[in-house]
file entry31.tsv (TSV, C-alpha atoms)
chain	number	residue	atom	x	y	z
A	1	MET	CA	25.72	-24.35	13.73
A	2	PRO	CA	27.83	-27.27	12.44
A	3	SER	CA	29.32	-29.57	15.07
A	4	SER	CA	32.40	-30.20	12.98
A	5	PRO	CA	34.73	-28.02	10.97
A	6	PRO	CA	34.50	-27.72	7.19
A	7	SER	CA	36.93	-30.00	5.41
A	8	ASP	CA	38.92	-29.40	2.24
A	9	ALA	CA	42.60	-29.58	1.34
A	10	ALA	CA	43.03	-25.84	0.65
A	11	LEU	CA	41.49	-24.89	3.99
A	12	ASP	CA	43.63	-27.50	5.78
A	13	GLU	CA	46.75	-25.82	4.35
A	14	ARG	CA	45.48	-22.42	5.51
A	15	LEU	CA	44.83	-23.79	9.01
A	16	ARG	CA	48.41	-25.08	9.14
A	17	LEU	CA	49.57	-21.61	8.00
A	18	ILE	CA	47.51	-19.92	10.76
A	19	ALA	CA	49.07	-22.12	13.45
A	20	SER	CA	52.64	-22.05	12.11
A	21	SER	CA	52.64	-18.27	11.53
A	22	TYR	CA	51.40	-17.73	15.09
A	23	ARG	CA	54.18	-19.93	16.48
A	24	CYS	CA	56.85	-18.32	14.30
A	25	LEU	CA	55.89	-14.73	15.16
A	26	THR	CA	54.92	-15.03	18.83
A	27	GLY	CA	57.02	-17.98	19.97
A	28	LYS	CA	53.83	-19.51	21.43
A	29	GLU	CA	51.66	-22.43	20.39
A	30	LEU	CA	48.12	-21.71	19.24
A	31	ILE	CA	47.28	-25.38	19.66
A	32	PRO	CA	49.43	-28.11	21.23
A	33	SER	CA	51.14	-29.09	17.97
A	34	VAL	CA	50.97	-27.66	14.47
A	35	GLU	CA	52.51	-30.84	13.07
A	36	VAL	CA	49.39	-32.94	13.59
A	37	ALA	CA	47.53	-34.59	10.73
A	38	ALA	CA	44.96	-32.43	8.95
A	39	PRO	CA	41.83	-33.93	10.60
A	40	ALA	CA	43.29	-33.46	14.11
A	41	LEU	CA	44.46	-29.92	13.34
A	42	ARG	CA	41.06	-29.07	11.86
A	43	ARG	CA	39.26	-30.38	14.96
A	44	ALA	CA	41.66	-28.64	17.41
A	45	MET	CA	41.28	-25.27	15.69
A	46	TRP	CA	37.49	-25.68	15.44
A	47	GLU	CA	37.10	-26.52	19.13
A	48	LEU	CA	39.62	-24.07	20.59
A	49	PRO	CA	38.00	-22.19	23.50
A	50	ARG	CA	39.09	-18.92	21.89
A	51	ALA	CA	37.71	-17.47	18.66
A	52	ILE	CA	39.97	-17.71	15.61
A	53	VAL	CA	39.34	-15.71	12.44
A	54	ALA	CA	41.46	-15.15	9.35
A	55	HIS	CA	41.17	-13.08	6.19
A	56	GLY	CA	43.01	-13.15	2.88
A	57	THR	CA	44.83	-10.58	0.79
A	58	GLU	CA	42.02	-9.20	-1.35
A	59	ALA	CA	41.82	-5.41	-1.81
A	60	ASP	CA	38.88	-5.57	0.63
A	61	PRO	CA	39.94	-8.66	2.63
A	62	VAL	CA	37.31	-11.36	3.12
A	63	PHE	CA	37.33	-13.87	5.95
A	64	PHE	CA	38.31	-17.36	4.86
A	65	TYR	CA	38.07	-18.96	8.31
A	66	GLY	CA	36.18	-18.65	11.55
A	67	ASN	CA	36.13	-21.43	14.12
A	68	ARG	CA	33.04	-22.62	16.00
A	69	LEU	CA	33.31	-19.96	18.71
A	70	ALA	CA	33.84	-17.14	16.18
A	71	LEU	CA	30.77	-18.24	14.21
A	72	GLN	CA	28.71	-18.26	17.41
A	73	LEU	CA	29.89	-14.75	18.35
A	74	PHE	CA	29.20	-13.34	14.88
A	75	GLU	CA	25.93	-15.33	14.64
A	76	MET	CA	26.76	-16.76	11.22
A	77	ASN	CA	27.28	-20.13	9.64
A	78	PHE	CA	30.58	-20.91	7.93
A	79	GLY	CA	29.25	-20.16	4.44
A	80	GLU	CA	28.05	-16.69	5.48
A	81	PHE	CA	31.22	-15.89	7.40
A	82	VAL	CA	33.59	-16.71	4.54
A	83	ARG	CA	31.79	-14.18	2.33
A	84	LEU	CA	32.08	-11.37	4.89
A	85	PRO	CA	34.59	-8.59	4.20
A	86	SER	CA	36.54	-8.49	7.47
A	87	ARG	CA	36.08	-4.72	7.82
A	88	LEU	CA	32.35	-5.36	8.33
A	89	SER	CA	33.10	-7.26	11.55
A	90	ALA	CA	33.33	-3.79	13.14
A	91	GLU	CA	30.78	-0.99	12.93
A	92	ALA	CA	31.68	2.05	10.83
A	93	PRO	CA	32.88	4.18	13.81
A	94	ALA	CA	35.26	1.38	14.89
A	95	GLN	CA	36.58	0.60	11.38
A	96	GLU	CA	39.23	3.34	11.44
A	97	ALA	CA	40.74	2.01	14.68
A	98	ARG	CA	40.61	-1.52	13.22
A	99	GLU	CA	42.42	-0.37	10.06
A	100	LYS	CA	45.15	1.29	12.16
A	101	LEU	CA	45.57	-1.95	14.09
A	102	LEU	CA	45.89	-4.01	10.90
A	103	ALA	CA	48.43	-1.57	9.46
A	104	LYS	CA	50.49	-1.90	12.65
A	105	VAL	CA	50.28	-5.70	12.40
A	106	ALA	CA	51.37	-5.56	8.75
A	107	GLN	CA	54.43	-3.55	9.79
A	108	GLN	CA	55.36	-5.37	13.04
A	109	GLY	CA	54.22	-8.92	12.28
A	110	TYR	CA	51.83	-9.18	15.20
A	111	VAL	CA	50.13	-7.23	17.99
A	112	GLU	CA	49.02	-8.60	21.36
A	113	ASN	CA	46.50	-7.45	23.98
A	114	TYR	CA	44.19	-5.69	21.53
A	115	SER	CA	40.56	-5.15	22.44
A	116	GLY	CA	37.76	-3.64	20.42
A	117	MET	CA	34.05	-3.65	19.72
A	118	ARG	CA	32.63	-5.99	17.08
A	119	ILE	CA	29.16	-6.55	15.70
A	120	ALA	CA	27.22	-9.76	15.12
A	121	LYS	CA	24.85	-10.41	12.23
A	122	SER	CA	21.87	-9.48	14.42
A	123	GLY	CA	23.41	-6.10	15.29
A	124	ARG	CA	24.41	-7.24	18.79
A	125	ARG	CA	27.68	-5.63	19.82
A	126	PHE	CA	30.36	-7.52	21.70
A	127	MET	CA	33.81	-6.65	22.98
A	128	ILE	CA	36.77	-8.78	21.96
A	129	THR	CA	39.63	-8.87	24.45
A	130	ASP	CA	43.01	-10.50	24.94
A	131	CYS	CA	43.31	-10.44	21.17
A	132	THR	CA	46.45	-11.29	19.22
A	133	VAL	CA	46.47	-10.36	15.53
A	134	TRP	CA	49.26	-11.63	13.27
A	135	ASN	CA	50.37	-11.82	9.66
A	136	LEU	CA	50.03	-15.09	7.81
A	137	ALA	CA	53.35	-15.80	6.12
A	138	ASP	CA	54.69	-18.99	4.60
A	139	GLU	CA	58.22	-20.32	5.09
A	140	LEU	CA	59.44	-18.24	2.13
A	141	GLY	CA	57.98	-15.04	3.58
A	142	GLY	CA	55.02	-14.93	1.21
A	143	TYR	CA	52.16	-12.90	2.68
A	144	HIS	CA	48.74	-14.61	2.82
A	145	GLY	CA	46.62	-12.34	5.04
A	146	GLN	CA	46.09	-11.88	8.74
A	147	SER	CA	44.57	-13.86	11.57
A	148	ALA	CA	43.32	-13.15	15.08
A	149	VAL	CA	42.60	-15.13	18.20
A	150	PHE	CA	40.50	-13.61	20.98
A	151	VAL	CA	37.89	-14.04	23.67
A	152	ALA	CA	34.66	-12.09	24.03
A	153	ALA	CA	34.17	-10.07	27.19
A	154	PRO	CA	31.25	-11.32	29.28
call {"tool": "encode", "arguments": {"input": "entry31.tsv", "output": "structure tokens"}}
result
Amino acid sequence: MPSSPPSDAALDERLRLIASSYRCLTGKELIPSVEVAAPALRRAMWELPRAIVAHGTEADPVFFYGNRLALQLFEMNFGEFVRLPSRLSAEAPAQEAREKLLAKVAQQGYVENYSGMRIAKSGRRFMITDCTVWNLADELGGYHGQSAVFVAAP
């Protein structure tokens, strides 16, 4: 498991989009300030004590980000995680409920207090709780995917 977040300009822009979309939609701060320089933002998102994941807009959306805690929960390294279709983060029986949630988020902008079962690479199941899922939108309203922040139930 890497001790530092991956670094590239495109991902840094997506991290800024994750934080700014969260603030715009919920009125809350995901991290203390979304206006920090890229290295500080990258580190703050990576080390947040809540899991952060985000997927893009593909027909079968694929994760493009998971922070350190998310990678630990899903038992993957960053390279594996960013090739994972997000629907596969839930087992088949839970995928329908997940799809309904994402459709609701697409319509409303965000949903809070979601909980649901997820599955790690090893097959270990874990419950995510206190989850907020939101749309990723730029300042012009362009849609770029969805993100979630959550904790895992003990």
call {"tool": "atom_distance", "arguments": {"input": "entry31.tsv", "atom1": "atom CA of A:Leu30", "atom2": "atom CA of A:Gly109"}}
result
15.8 Å
call {"tool": "residues_near_point", "arguments": {"input": "entry31.tsv", "point": "(46.7, -11.4, 20.3)", "cutoff": "10 Å", "atoms": "only C-alpha atoms", "output": "list in words"}}
result
Tyr22, Thr26, Tyr110, Val111, Glu112, Asn113, Tyr114, Ser115, Thr129, Asp130, Cys131, Thr132, Val133, Trp134, Ser147, Ala148, Val149, Phe150 and Val151 of chain A
call {"tool": "atom_distance", "arguments": {"input": "entry31.tsv", "atom1": "atom CA of A:Ala70", "atom2": "atom CA of A:Glu96"}}
result
21.7 Å
call {"tool": "residues_near_point", "arguments": {"input": "entry31.tsv", "point": "(45.0, -11.2, 4.0)", "cutoff": "7 Å", "atoms": "all atoms listed in the file", "output": "ChimeraX atom specification"}}
result
/A:55-58,61,144-146
call {"tool": "closest_residue", "arguments": {"input": "entry31.tsv", "among": "A:Ala37, A:Ala153, A:Ala137, A:Leu17", "to": "A:Gly116", "atoms": "all atoms listed in the file"}}
result
A:Ala153
call {"tool": "residues_around", "arguments": {"input": "entry31.tsv", "residues": "A:Ser122", "least_positions_apart": "5", "cutoff": "10 Å", "atoms": "only C-alpha atoms", "output": "tab-separated table (two decimals) with C-alpha atoms, keeping the file's coordinate frame"}}
result
chain	number	residue	atom	x	y	z
A	74	PHE	CA	29.20	-13.34	14.88
A	75	GLU	CA	25.93	-15.33	14.64
A	76	MET	CA	26.76	-16.76	11.22
call {"tool": "atom_distance", "arguments": {"input": "entry31.tsv", "atom1": "atom CA of A:Asn77", "atom2": "atom CA of A:Pro154"}}
result
21.9 Å
